[in-house]
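Source file data17.txt; content: compact mmCIF, C-alpha atoms.
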```txt
# COMPACT_ATOMS: atom_id res chain seq x y z
CA MET A 1261 -4.18 -4.17 -10.16
CA GLU A 1262 -4.26 -6.77 -12.95
CA THR A 1263 -7.14 -6.05 -15.34
CA GLY A 1264 -9.19 -8.39 -17.51
CA THR A 1265 -10.88 -7.84 -20.84
CA LEU A 1266 -12.81 -4.82 -19.53
CA GLY A 1267 -9.58 -3.04 -18.55
CA VAL A 1268 -10.86 -1.96 -15.12
CA ARG A 1269 -8.36 -1.64 -12.29
CA HIS A 1270 -9.13 -3.45 -9.01
CA LEU A 1271 -11.98 -5.42 -10.62
CA ARG A 1272 -10.14 -8.74 -10.69
CA ARG A 1273 -8.93 -8.21 -7.14
CA PHE A 1274 -12.50 -7.42 -6.03
CA TRP A 1275 -13.83 -10.61 -7.66
CA HIS A 1276 -11.04 -12.76 -6.19
CA GLY A 1277 -11.47 -11.38 -2.69
CA ARG A 1278 -15.25 -11.76 -2.67
CA LEU A 1279 -15.07 -15.28 -4.08
CA ALA A 1280 -12.47 -16.31 -1.51
CA MET A 1281 -14.70 -15.10 1.32
CA VAL A 1282 -17.75 -16.91 -0.09
CA GLU A 1283 -15.82 -20.16 -0.45
CA GLY A 1284 -14.17 -19.82 2.95
CA HIS A 1285 -10.61 -19.57 1.63
CA GLY A 1286 -9.75 -16.55 3.70
CA GLY A 1287 -8.45 -14.64 0.70
CA ARG A 1288 -5.36 -12.47 0.26
CA ALA A 1289 -4.12 -9.82 2.63
CA ARG A 1290 -6.35 -6.76 2.47
CA LEU A 1291 -5.00 -3.33 1.67
CA PRO A 1292 -5.69 -0.52 4.14
CA GLU A 1293 -7.74 1.12 1.39
CA GLU A 1294 -9.54 -2.09 0.39
CA GLU A 1295 -13.04 -1.14 1.55
CA SER A 1296 -12.82 2.27 -0.10
CA LEU A 1297 -11.45 0.75 -3.30
CA ASP A 1298 -14.33 -1.74 -3.45
CA ARG A 1299 -16.89 1.01 -3.02
CA ILE A 1300 -15.21 3.35 -5.51
CA LEU A 1301 -14.98 0.58 -8.08
CA MET A 1302 -18.61 -0.50 -7.92
CA ASP A 1303 -20.12 2.96 -7.56
CA GLY A 1304 -17.94 4.16 -10.44
CA LEU A 1305 -19.24 1.37 -12.66
CA GLY A 1306 -22.80 2.25 -11.69
CA LEU A 1307 -23.50 -1.06 -9.97
CA GLY A 1308 -23.25 -0.36 -6.27
CA ILE A 1309 -21.82 -2.89 -3.85
CA VAL A 1310 -24.86 -5.05 -3.04
CA GLU A 1311 -25.86 -6.62 -6.36
CA PRO A 1312 -22.32 -7.75 -7.27
CA ASP A 1313 -22.02 -9.35 -3.83
CA ILE A 1314 -25.32 -11.18 -4.30
CA PHE A 1315 -24.31 -12.41 -7.76
CA ILE A 1316 -20.95 -13.73 -6.57
CA PHE A 1317 -22.52 -15.35 -3.50
CA ASN A 1318 -25.21 -17.13 -5.50
CA THR A 1319 -23.19 -18.00 -8.62
CA ARG A 1320 -19.50 -18.41 -7.70
CA PRO A 1321 -18.61 -17.15 -11.18
CA SER A 1322 -15.32 -17.34 -13.02
CA TYR A 1323 -13.77 -13.96 -13.69
CA ALA A 1324 -14.90 -14.11 -17.32
CA GLN A 1325 -18.44 -14.84 -16.14
CA PHE A 1326 -18.27 -11.94 -13.69
CA GLU A 1327 -17.18 -9.55 -16.44
CA ARG A 1328 -19.99 -10.84 -18.68
CA TRP A 1329 -22.52 -10.28 -15.86
CA ILE A 1330 -21.31 -6.71 -15.48
CA LEU A 1331 -21.81 -6.03 -19.17
CA ASP A 1332 -25.24 -7.66 -19.19
CA THR A 1333 -26.27 -5.70 -16.09
CA LEU A 1334 -25.11 -2.40 -17.59
CA GLY A 1335 -26.95 -2.97 -20.84
CA GLY A 1336 -24.31 -4.75 -22.89
CA GLU A 1337 -21.46 -2.27 -22.94
CA LEU A 1338 -19.01 -0.41 -20.76
CA GLY A 1339 -17.93 2.91 -22.21
CA ALA A 1340 -14.30 3.92 -22.43
CA ASP A 1341 -15.08 7.09 -20.50
CA THR A 1342 -16.49 5.01 -17.62
CA VAL A 1343 -13.39 2.79 -17.56
CA GLU A 1344 -11.15 5.86 -17.55
CA ARG A 1345 -13.14 7.51 -14.76
CA VAL A 1346 -13.06 4.38 -12.59
CA ASN A 1347 -9.36 3.79 -13.14
CA ARG A 1348 -8.62 7.40 -12.27
CA ALA A 1349 -10.72 7.17 -9.11
CA VAL A 1350 -8.94 3.96 -8.06
CA ALA A 1351 -5.61 5.68 -8.66
CA ASP A 1352 -6.72 8.72 -6.65
CA CYS A 1353 -7.59 6.47 -3.72
CA LEU A 1354 -4.60 4.14 -3.96
CA ASP A 1355 -1.76 6.27 -5.21
CA GLY A 1356 -2.55 9.88 -4.45
CA PRO A 1357 -2.64 11.70 -1.11
CA GLN A 1358 -5.97 11.87 0.66
CA HIS A 1359 -7.43 15.33 1.01
CA GLU A 1360 -9.24 16.92 3.91
CA TYR A 1361 -12.84 17.85 3.24
CA PRO A 1362 -14.77 20.02 2.97
CA THR A 1363 -12.51 22.32 1.00
CA GLU A 1364 -12.98 26.08 0.66
CA ARG A 1365 -13.21 25.86 -3.11
CA ARG A 1366 -16.04 27.83 -4.68
CA ILE A 1367 -18.32 25.86 -6.99
CA SER A 1368 -19.51 27.51 -10.20
CA ASN A 1369 -23.26 27.95 -10.69
CA PRO A 1370 -24.19 26.94 -7.13
CA VAL A 1371 -27.70 25.66 -6.41
CA LEU A 1372 -27.68 26.27 -2.66
CA SER A 1373 -28.00 29.92 -1.69
CA PRO A 1374 -25.69 31.64 0.83
CA GLU A 1375 -28.57 31.48 3.35
CA GLU A 1376 -28.98 27.74 2.75
CA MET A 1377 -25.24 27.18 3.13
CA ALA A 1378 -25.31 29.14 6.39
CA PHE A 1379 -28.17 26.91 7.56
CA TRP A 1380 -26.03 23.89 6.57
CA GLU A 1381 -23.07 25.09 8.60
CA GLU A 1382 -25.22 25.68 11.67
CA ASN A 1383 -27.49 22.64 11.53
CA GLY A 1384 -25.54 20.03 9.59
CA TYR A 1385 -28.31 19.38 7.11
CA VAL A 1386 -29.95 21.26 4.25
CA VAL A 1387 -32.90 20.77 1.87
CA LEU A 1388 -32.38 21.36 -1.84
CA ARG A 1389 -35.81 22.19 -3.22
CA ARG A 1390 -36.70 20.81 -6.66
CA ALA A 1391 -33.51 18.78 -6.77
CA ALA A 1392 -35.24 16.53 -9.30
CA PRO A 1393 -38.18 17.54 -11.52
CA ALA A 1394 -41.58 16.49 -10.20
CA GLU A 1395 -42.11 14.15 -13.15
CA ASP A 1396 -38.80 12.38 -12.46
CA ALA A 1397 -39.68 11.95 -8.79
CA ARG A 1398 -43.07 10.55 -9.78
CA ALA A 1399 -41.52 8.14 -12.28
CA ALA A 1400 -39.15 6.83 -9.60
CA GLU A 1401 -42.02 6.47 -7.13
CA LEU A 1402 -44.02 4.42 -9.63
CA ALA A 1403 -40.94 2.26 -10.30
CA VAL A 1404 -40.84 1.38 -6.60
CA TRP A 1405 -44.55 0.52 -6.55
CA GLU A 1406 -44.17 -1.62 -9.67
CA PHE A 1407 -41.15 -3.43 -8.26
CA LEU A 1408 -43.08 -4.29 -5.09
CA GLY A 1409 -46.21 -5.30 -7.00
CA LYS A 1410 -48.39 -2.82 -5.12
CA ASP A 1411 -50.88 -0.22 -6.31
CA PRO A 1412 -50.44 3.32 -4.90
CA LYS A 1413 -54.19 3.94 -5.36
CA ARG A 1414 -55.32 0.78 -3.56
CA PRO A 1415 -54.27 0.77 0.11
CA GLU A 1416 -55.52 -2.81 0.48
CA THR A 1417 -52.51 -3.92 -1.61
CA TRP A 1418 -49.97 -2.15 0.59
CA TYR A 1419 -50.12 -4.65 3.44
CA ASP A 1420 -50.47 -7.95 1.59
CA THR A 1421 -46.83 -8.94 2.10
CA GLU A 1422 -44.26 -8.69 4.88
CA HIS A 1423 -42.59 -5.69 3.26
CA LEU A 1424 -40.82 -3.65 5.91
CA PHE A 1425 -39.41 -0.33 4.76
CA TRP A 1426 -36.41 -1.21 2.54
CA THR A 1427 -36.99 -1.82 -1.16
CA PRO A 1428 -34.15 -3.77 -2.82
CA LEU A 1429 -34.48 -1.85 -6.08
CA PHE A 1430 -31.07 -0.44 -6.92
CA ARG A 1431 -31.06 0.28 -10.61
CA HIS A 1432 -33.89 1.50 -12.81
CA PRO A 1433 -33.91 4.16 -15.54
CA ALA A 1434 -35.98 6.47 -13.32
CA LEU A 1435 -33.62 6.03 -10.35
CA ASP A 1436 -30.58 6.48 -12.59
CA ARG A 1437 -32.06 9.68 -14.01
CA ASN A 1438 -32.27 11.15 -10.51
CA ARG A 1439 -28.69 10.09 -9.76
CA ALA A 1440 -27.62 11.99 -12.88
CA SER A 1441 -29.42 15.20 -11.87
CA PRO A 1442 -27.08 18.18 -12.38
CA ARG A 1443 -28.74 20.03 -9.48
CA ILE A 1444 -28.13 17.13 -7.12
CA HIS A 1445 -24.49 16.93 -8.23
CA LYS A 1446 -24.03 20.66 -7.69
CA ALA A 1447 -25.49 20.49 -4.18
CA PHE A 1448 -23.12 17.72 -3.14
CA ALA A 1449 -20.25 19.59 -4.81
CA GLN A 1450 -21.03 22.66 -2.70
CA VAL A 1451 -20.96 20.84 0.62
CA TRP A 1452 -17.81 18.86 -0.28
CA GLY A 1453 -16.02 21.73 -2.02
CA THR A 1454 -15.23 19.65 -5.13
CA GLU A 1455 -17.01 18.52 -8.28
CA ASN A 1456 -14.93 15.33 -8.53
CA LEU A 1457 -17.62 13.07 -7.08
CA LEU A 1458 -18.85 9.52 -7.43
CA VAL A 1459 -22.52 8.72 -6.91
CA THR A 1460 -23.67 5.80 -4.79
CA VAL A 1461 -26.10 3.16 -6.03
CA ASP A 1462 -28.34 2.70 -3.00
CA ARG A 1463 -31.77 1.28 -2.26
CA ALA A 1464 -35.17 2.90 -2.27
CA SER A 1465 -37.62 2.73 0.63
CA LEU A 1466 -41.35 2.60 1.25
CA ASN A 1467 -42.42 3.74 4.71
CA LEU A 1468 -46.05 2.64 5.11
CA PRO A 1469 -48.57 4.27 7.45
CA LEU A 1470 -50.11 2.38 10.34
CA HIS A 1471 -53.05 0.36 8.98
CA LYS A 1472 -56.52 1.11 10.33
CA ASP A 1473 -56.75 -2.53 11.49
CA GLY A 1474 -53.54 -2.21 13.47
CA ILE A 1475 -51.18 -3.77 10.91
CA ASP A 1476 -47.87 -2.00 11.52
CA ARG A 1477 -45.63 -1.74 8.46
CA SER A 1478 -44.24 1.67 9.35
CA GLY A 1479 -40.46 1.66 9.37
CA PRO A 1480 -39.19 3.99 12.07
CA SER A 1481 -35.54 3.51 12.94
CA GLY A 1482 -33.80 4.48 16.12
CA LEU A 1483 -31.41 7.40 15.87
CA HIS A 1484 -28.07 6.10 14.66
CA TRP A 1485 -24.90 6.81 12.73
CA ASP A 1486 -23.92 4.91 9.56
CA ALA A 1487 -20.23 5.68 10.07
CA SER A 1488 -17.63 5.09 12.71
CA ILE A 1489 -17.94 7.60 15.54
CA ALA A 1490 -14.28 7.28 16.54
CA GLN A 1491 -13.06 10.80 17.22
CA PRO A 1492 -12.25 12.91 15.36
CA MET A 1493 -14.78 11.88 12.74
CA SER A 1494 -13.82 12.58 9.17
CA PHE A 1495 -16.23 14.67 7.14
CA GLY A 1496 -18.86 12.77 5.18
CA VAL A 1497 -22.41 13.26 3.98
CA GLN A 1498 -25.52 11.27 3.07
CA GLY A 1499 -28.66 12.11 1.16
CA ILE A 1500 -32.30 11.14 0.67
CA LEU A 1501 -34.54 12.21 -2.20
CA TYR A 1502 -38.24 12.32 -1.39
CA LEU A 1503 -40.29 10.82 -4.21
CA THR A 1504 -43.56 11.83 -2.54
CA ASP A 1505 -44.68 14.96 -0.75
CA THR A 1506 -43.67 14.23 2.83
CA PRO A 1507 -45.10 16.23 5.73
CA ALA A 1508 -43.52 15.72 9.14
CA GLU A 1509 -46.04 13.08 10.25
CA GLN A 1510 -45.62 10.97 7.09
CA GLY A 1511 -42.53 9.04 8.15
CA ALA A 1512 -40.20 11.93 7.41
CA PHE A 1513 -36.43 11.74 7.77
CA GLN A 1514 -35.35 13.04 11.17
CA CYS A 1515 -32.04 14.16 12.64
CA VAL A 1516 -30.53 16.05 15.58
CA PRO A 1517 -29.70 19.51 14.17
CA GLY A 1518 -26.31 20.97 15.02
CA PHE A 1519 -25.08 17.84 16.78
CA HIS A 1520 -21.77 17.99 14.87
CA HIS A 1521 -20.87 21.09 16.91
CA ARG A 1522 -21.24 19.29 20.25
CA MET A 1523 -20.61 15.64 19.52
CA GLY A 1524 -17.20 15.55 21.19
CA GLU A 1525 -18.55 17.24 24.31
CA TRP A 1526 -21.54 14.88 24.37
CA LEU A 1527 -19.34 11.79 24.10
CA ALA A 1528 -17.02 13.05 26.85
CA GLY A 1529 -20.00 13.65 29.14
CA LEU A 1530 -21.46 10.15 28.90
CA PRO A 1531 -21.22 8.08 32.12
CA PRO A 1532 -18.40 5.49 32.12
CA GLY A 1533 -19.43 2.30 30.40
CA THR A 1534 -22.26 3.92 28.41
CA ALA A 1535 -22.57 2.78 24.80
CA PRO A 1536 -22.85 5.94 22.67
CA ARG A 1537 -25.00 4.28 20.02
CA THR A 1538 -27.49 3.25 22.68
CA ALA A 1539 -27.42 6.66 24.36
CA ALA A 1540 -28.17 8.31 21.00
CA LEU A 1541 -31.64 6.74 21.03
CA ASP A 1542 -32.67 9.25 23.72
CA LEU A 1543 -31.63 12.36 21.80
CA GLU A 1544 -34.33 14.73 20.55
CA ALA A 1545 -34.68 14.66 16.78
CA VAL A 1546 -36.50 16.95 14.35
CA PRO A 1547 -38.50 15.58 11.38
CA VAL A 1548 -37.73 17.27 8.06
CA ALA A 1549 -40.78 17.84 5.89
CA ALA A 1550 -40.24 18.40 2.16
CA GLY A 1551 -41.88 17.89 -1.21
CA ALA A 1552 -41.55 15.30 -3.95
CA GLY A 1553 -38.23 15.90 -5.73
CA ASP A 1554 -36.62 17.63 -2.74
CA LEU A 1555 -33.26 16.34 -1.53
CA ILE A 1556 -32.06 16.32 2.07
CA ILE A 1557 -28.30 16.22 2.59
CA TRP A 1558 -26.94 15.69 6.08
CA ARG A 1559 -23.54 15.28 7.70
CA HIS A 1560 -22.92 11.70 8.73
CA ASP A 1561 -22.02 12.79 12.27
CA LEU A 1562 -25.65 13.78 12.87
CA PRO A 1563 -27.72 11.07 14.62
CA HIS A 1564 -30.56 10.40 12.20
CA GLY A 1565 -33.24 7.95 11.16
CA SER A 1566 -36.73 7.61 9.74
CA SER A 1567 -39.77 8.49 11.81
CA ARG A 1568 -43.04 6.61 12.24
CA ASN A 1569 -45.57 7.22 9.49
CA SER A 1570 -48.79 8.39 11.12
CA GLY A 1571 -50.08 9.93 7.89
CA ARG A 1572 -52.36 8.49 5.23
CA TYR A 1573 -49.91 7.86 2.39
CA PRO A 1574 -46.55 6.06 2.28
CA ARG A 1575 -43.31 7.96 2.24
CA VAL A 1576 -41.44 6.76 -0.84
CA ALA A 1577 -37.80 7.79 -1.09
CA GLN A 1578 -34.56 7.16 -2.93
CA TYR A 1579 -31.21 7.26 -1.17
CA ILE A 1580 -28.56 9.22 -3.06
CA SER A 1581 -25.13 10.27 -1.92
CA MET A 1582 -21.95 11.50 -3.60
CA TYR A 1583 -18.35 11.54 -2.43
CA PRO A 1584 -14.83 12.28 -3.73
CA PRO A 1585 -12.70 9.15 -4.27
CA ASP A 1586 -9.84 10.50 -2.17
CA PHE A 1587 -11.62 11.46 1.04
CA PRO A 1588 -10.23 9.87 4.23
CA LYS A 1589 -12.25 7.31 6.19
CA SER A 1590 -11.74 6.28 9.78
CA PRO A 1591 -9.54 3.16 10.06
CA VAL A 1592 -11.31 2.19 13.30
CA TRP A 1593 -14.96 1.25 13.67
CA GLN A 1594 -16.49 2.44 16.92
```
This entry written out as structure tokens:
Amino acid sequence: METGTLGVRHLRRFWHGRLAMVEGHGGRARLPEEESLDRILMDGLGLGIVEPDIFIFNTRPSYAQFERWILDTLGGELGADTVERVNRAVADCLDGPQHEYPTERRISNPVLSPEEMAFWEENGYVVLRRAAPAEDARAAELAVWEFLGKDPKRPETWYDTEHLFWTPLFRHPALDRNRASPRIHKAFAQVWGTENLLVTVDRASLNLPLHKDGIDRSGPSGLHWDASIAQPMSFGVQGILYLTDTPAEQGAFQCVPGFHHRMGEWLAGLPPGTAPRTAALDLEAVPVAAGAGDLIIWRHDLPHGSSRNSGRYPRVAQYISMYPPDFPKSPVWQ
């Protein structure tokens, strides 16, 4: 846990491990918590995991250069409160006992009603209406268009590149403003049962409709899980913020409601030799329509994905999730 000039725990170890892998040195022995520590560190700093990996891969920086890149990327400074929060989160993961989630703790000033929480318990997903103000959703949508060099009012510009769904825009003032939304934080706090949460720094996406000339840039994904499905699955959640009004036919997020109640039974009933992730492709999913600024939160044991966009306008979205630094993760990937 040696720190450098920034005083951030695990940062030097992260840099050393990533550099060793890039240079083919094999690196030092990994801690059981290594993956969680890496994620906690980079999400806590507000960087996410992808951009630091790209920088190290392309640059092979010294540690001093890596610290300088972090400062430059974060606008020239790293506040003492951020350093304290990250170091505390690293300590919670490394030194403290892991807690079982969700807890039964009541969250003050909840944003999800009792009826919405009952829907969450039954279906495994919930929609927080007006999670972000309409103007903030619009600003984030325009940031995605600008990043891609496309004009939302000129469909002829939508298909002039090989863009397919994912938009590698991670940090932008408009995206950061949505990540800092108090309503979004409260919603995640309610489903976790704690307000001690870190926010992920994830990508945006642009799900284009099928072009009238047959050009297919729609980005439907097969139903899948983004976590290990080794049983019993630990509790975890994911989230997507619609930046555009998204009816069901406009490439909406889709999932299999209530699957968390029957996943174990479903797995046990699969024929011998069947790959669960392949079998999940045949499950019946429901598209979730919502408006610009609405947030969908779902349990990560629900099979989910994006649907084909058969509408007239792209679905633009920002992925946002929050998690406590001490929640347990499955040690086995299945």
Spatial neighbours of Val1346 of chain A, max dist 7 Å, only C-alpha atoms, sep filter under 5 positions, as a PDB file with C-alpha atoms, in the frame of the given file:
```pdb
ATOM      1  CA  LEU A1301     -14.980   0.580  -8.080  1.00  0.00           C
ATOM      2  CA  GLY A1304     -17.940   4.160 -10.440  1.00  0.00           C
ATOM      3  CA  LEU A1305     -19.240   1.370 -12.660  1.00  0.00           C
TER       4      LEU A1305
END
```
With all atoms listed in the file as the counted atoms, please give the residues lying no more than 12 Å from Asn1369 of chain A, apart from itself and same-chain residues fewer than 4 positions off, as number ranges by chain.
A: 1373, 1442-1443, 1445-1447, 1449-1450, 1455
From the options A:Arg1269, A:Asp1396, A:Pro1362, A:Ala1403, which residue's atoms come nearest to Val1343 of chain A, counting only C-alpha atoms?
A:Arg1269
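Separating atom CA of Glu1381 of chain A from atom CA of His1564 of chain A is a distance of 16.9 Å.
Excluding Pro1563 of chain A itself and any same-chain residue fewer than 2 positions from it, the protein and nucleic acid residues within 9 Å of it, counting all atoms listed in the file, are A:Leu1483, A:His1484, A:Trp1485, A:Asp1486, A:Gln1514, A:Cys1515, A:Val1516, A:Pro1517, A:Phe1519, A:Ala1540, A:Leu1541, A:Leu1543, A:Ala1545, A:His1560, A:Asp1561, A:Gly1565.
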Next, dump the selected residues to file, keeping only C-alpha atoms, as a tab-separated table (two decimals), in the frame of the given file.
```tsv
chain	number	residue	atom	x	y	z
A	1483	LEU	CA	-31.41	7.40	15.87
A	1484	HIS	CA	-28.07	6.10	14.66
A	1485	TRP	CA	-24.90	6.81	12.73
A	1486	ASP	CA	-23.92	4.91	9.56
A	1514	GLN	CA	-35.35	13.04	11.17
A	1515	CYS	CA	-32.04	14.16	12.64
A	1516	VAL	CA	-30.53	16.05	15.58
A	1517	PRO	CA	-29.70	19.51	14.17
A	1519	PHE	CA	-25.08	17.84	16.78
A	1540	ALA	CA	-28.17	8.31	21.00
A	1541	LEU	CA	-31.64	6.74	21.03
A	1543	LEU	CA	-31.63	12.36	21.80
A	1545	ALA	CA	-34.68	14.66	16.78
A	1560	HIS	CA	-22.92	11.70	8.73
A	1561	ASP	CA	-22.02	12.79	12.27
A	1565	GLY	CA	-33.24	7.95	11.16
```
Do you have, as CSV, the list of residues of segment 1416-1471 of chain A lying at most 12 Å from segment 1320-1337 of chain A, each with its nearest atom pair and that distance in Å to one decimal, counting only C-alpha atoms and ordered by chain then number?
```
residue,atom,partner,partner_atom,distance
A:Phe1430,CA,A:Thr1333,CA,11.6
A:Arg1431,CA,A:Thr1333,CA,9.4
A:His1432,CA,A:Leu1334,CA,10.7
A:Pro1433,CA,A:Leu1334,CA,11.2
A:Asp1436,CA,A:Leu1334,CA,11.6
```
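Those residues that approach Trp1418 of chain A to within 10 Å, counting only C-alpha atoms, are Trp1405, Leu1408, Gly1409, Lys1410, Asp1411, Pro1412, Lys1413, His1423, Leu1466, Leu1468, Pro1469, His1471, Arg1477 and Pro1574 of chain A; same-chain residues fewer than 5 positions away are not listed.
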Can you tell me which residues surround segment 1348-1355 of chain A at a distance of at most 7 Å, considering only C-alpha atoms, apart from same-chain residues fewer than 4 positions away, and format the answer as number ranges by chain?
A: 1293, 1297, 1300-1301, 1344, 1585-1586
Atoms are missing here; could segment 1421-1429 of chain A be completed with all heavy atoms and written as a PDB file, in the coordinates of the input?
```
ATOM      1  N   THR A1421     -48.074  -8.190   1.947  1.00  0.00           N
ATOM      2  CA  THR A1421     -46.830  -8.940   2.100  1.00  0.00           C
ATOM      3  C   THR A1421     -46.153  -8.470   3.386  1.00  0.00           C
ATOM      4  O   THR A1421     -46.632  -7.582   4.080  1.00  0.00           O
ATOM      5  CB  THR A1421     -45.866  -8.685   0.920  1.00  0.00           C
ATOM      6  OG1 THR A1421     -45.454  -7.320   0.943  1.00  0.00           O
ATOM      7  CG2 THR A1421     -46.539  -9.002  -0.405  1.00  0.00           C
ATOM      8  N   GLU A1422     -45.012  -9.056   3.676  1.00  0.00           N
ATOM      9  CA  GLU A1422     -44.260  -8.690   4.880  1.00  0.00           C
ATOM     10  C   GLU A1422     -43.256  -7.583   4.603  1.00  0.00           C
ATOM     11  O   GLU A1422     -42.262  -7.457   5.313  1.00  0.00           O
ATOM     12  CB  GLU A1422     -43.533  -9.922   5.437  1.00  0.00           C
ATOM     13  CG  GLU A1422     -44.462 -10.973   6.014  1.00  0.00           C
ATOM     14  CD  GLU A1422     -45.284 -10.439   7.173  1.00  0.00           C
ATOM     15  OE1 GLU A1422     -44.709  -9.770   8.043  1.00  0.00           O
ATOM     16  OE2 GLU A1422     -46.503 -10.674   7.185  1.00  0.00           O
ATOM     17  N   HIS A1423     -43.522  -6.783   3.568  1.00  0.00           N
ATOM     18  CA  HIS A1423     -42.590  -5.690   3.260  1.00  0.00           C
ATOM     19  C   HIS A1423     -42.401  -4.777   4.464  1.00  0.00           C
ATOM     20  O   HIS A1423     -43.362  -4.314   5.063  1.00  0.00           O
ATOM     21  CB  HIS A1423     -43.109  -4.863   2.083  1.00  0.00           C
ATOM     22  CG  HIS A1423     -42.370  -3.569   1.911  1.00  0.00           C
ATOM     23  ND1 HIS A1423     -41.104  -3.512   1.368  1.00  0.00           N
ATOM     24  CD2 HIS A1423     -42.685  -2.290   2.248  1.00  0.00           C
ATOM     25  CE1 HIS A1423     -40.691  -2.254   1.362  1.00  0.00           C
ATOM     26  NE2 HIS A1423     -41.631  -1.491   1.893  1.00  0.00           N
ATOM     27  N   LEU A1424     -41.142  -4.535   4.800  1.00  0.00           N
ATOM     28  CA  LEU A1424     -40.820  -3.650   5.910  1.00  0.00           C
ATOM     29  C   LEU A1424     -39.773  -2.627   5.474  1.00  0.00           C
ATOM     30  O   LEU A1424     -38.569  -2.891   5.508  1.00  0.00           O
ATOM     31  CB  LEU A1424     -40.308  -4.449   7.118  1.00  0.00           C
ATOM     32  CG  LEU A1424     -41.339  -5.312   7.846  1.00  0.00           C
ATOM     33  CD1 LEU A1424     -40.654  -6.163   8.906  1.00  0.00           C
ATOM     34  CD2 LEU A1424     -42.409  -4.437   8.494  1.00  0.00           C
ATOM     35  N   PHE A1425     -40.218  -1.515   4.983  1.00  0.00           N
ATOM     36  CA  PHE A1425     -39.410  -0.330   4.760  1.00  0.00           C
ATOM     37  C   PHE A1425     -38.481  -0.411   3.535  1.00  0.00           C
ATOM     38  O   PHE A1425     -38.715   0.240   2.536  1.00  0.00           O
ATOM     39  CB  PHE A1425     -38.616   0.028   6.002  1.00  0.00           C
ATOM     40  CG  PHE A1425     -37.995   1.398   5.952  1.00  0.00           C
ATOM     41  CD1 PHE A1425     -38.763   2.518   6.170  1.00  0.00           C
ATOM     42  CD2 PHE A1425     -36.658   1.571   5.680  1.00  0.00           C
ATOM     43  CE1 PHE A1425     -38.216   3.791   6.095  1.00  0.00           C
ATOM     44  CE2 PHE A1425     -36.095   2.827   5.611  1.00  0.00           C
ATOM     45  CZ  PHE A1425     -36.880   3.942   5.824  1.00  0.00           C
ATOM     46  N   TRP A1426     -37.409  -1.221   3.611  1.00  0.00           N
ATOM     47  CA  TRP A1426     -36.410  -1.210   2.540  1.00  0.00           C
ATOM     48  C   TRP A1426     -36.952  -1.868   1.284  1.00  0.00           C
ATOM     49  O   TRP A1426     -37.648  -2.869   1.336  1.00  0.00           O
ATOM     50  CB  TRP A1426     -35.140  -1.927   2.975  1.00  0.00           C
ATOM     51  CG  TRP A1426     -34.393  -1.203   4.053  1.00  0.00           C
ATOM     52  CD1 TRP A1426     -34.205  -1.612   5.337  1.00  0.00           C
ATOM     53  CD2 TRP A1426     -33.730   0.057   3.948  1.00  0.00           C
ATOM     54  NE1 TRP A1426     -33.479  -0.680   6.030  1.00  0.00           N
ATOM     55  CE2 TRP A1426     -33.175   0.355   5.204  1.00  0.00           C
ATOM     56  CE3 TRP A1426     -33.561   0.970   2.904  1.00  0.00           C
ATOM     57  CZ2 TRP A1426     -32.462   1.522   5.435  1.00  0.00           C
ATOM     58  CZ3 TRP A1426     -32.857   2.127   3.144  1.00  0.00           C
ATOM     59  CH2 TRP A1426     -32.307   2.391   4.405  1.00  0.00           C
ATOM     60  N   THR A1427     -36.611  -1.280   0.143  1.00  0.00           N
ATOM     61  CA  THR A1427     -36.990  -1.820  -1.160  1.00  0.00           C
ATOM     62  C   THR A1427     -35.706  -2.132  -1.917  1.00  0.00           C
ATOM     63  O   THR A1427     -34.967  -1.210  -2.266  1.00  0.00           O
ATOM     64  CB  THR A1427     -37.833  -0.808  -1.953  1.00  0.00           C
ATOM     65  OG1 THR A1427     -39.004  -0.486  -1.207  1.00  0.00           O
ATOM     66  CG2 THR A1427     -38.233  -1.383  -3.295  1.00  0.00           C
ATOM     67  N   PRO A1428     -35.422  -3.415  -2.180  1.00  0.00           N
ATOM     68  CA  PRO A1428     -34.150  -3.770  -2.820  1.00  0.00           C
ATOM     69  C   PRO A1428     -34.132  -3.499  -4.321  1.00  0.00           C
ATOM     70  O   PRO A1428     -33.771  -4.352  -5.123  1.00  0.00           O
ATOM     71  CB  PRO A1428     -34.023  -5.262  -2.504  1.00  0.00           C
ATOM     72  CG  PRO A1428     -35.428  -5.746  -2.417  1.00  0.00           C
ATOM     73  CD  PRO A1428     -36.212  -4.607  -1.804  1.00  0.00           C
ATOM     74  N   LEU A1429     -34.555  -2.302  -4.693  1.00  0.00           N
ATOM     75  CA  LEU A1429     -34.480  -1.850  -6.080  1.00  0.00           C
ATOM     76  C   LEU A1429     -33.319  -0.866  -6.159  1.00  0.00           C
ATOM     77  O   LEU A1429     -33.379   0.221  -5.581  1.00  0.00           O
ATOM     78  CB  LEU A1429     -35.795  -1.181  -6.488  1.00  0.00           C
ATOM     79  CG  LEU A1429     -35.832  -0.574  -7.893  1.00  0.00           C
ATOM     80  CD1 LEU A1429     -35.657  -1.653  -8.953  1.00  0.00           C
ATOM     81  CD2 LEU A1429     -37.124   0.204  -8.114  1.00  0.00           C
TER      82      LEU A1429
END
```
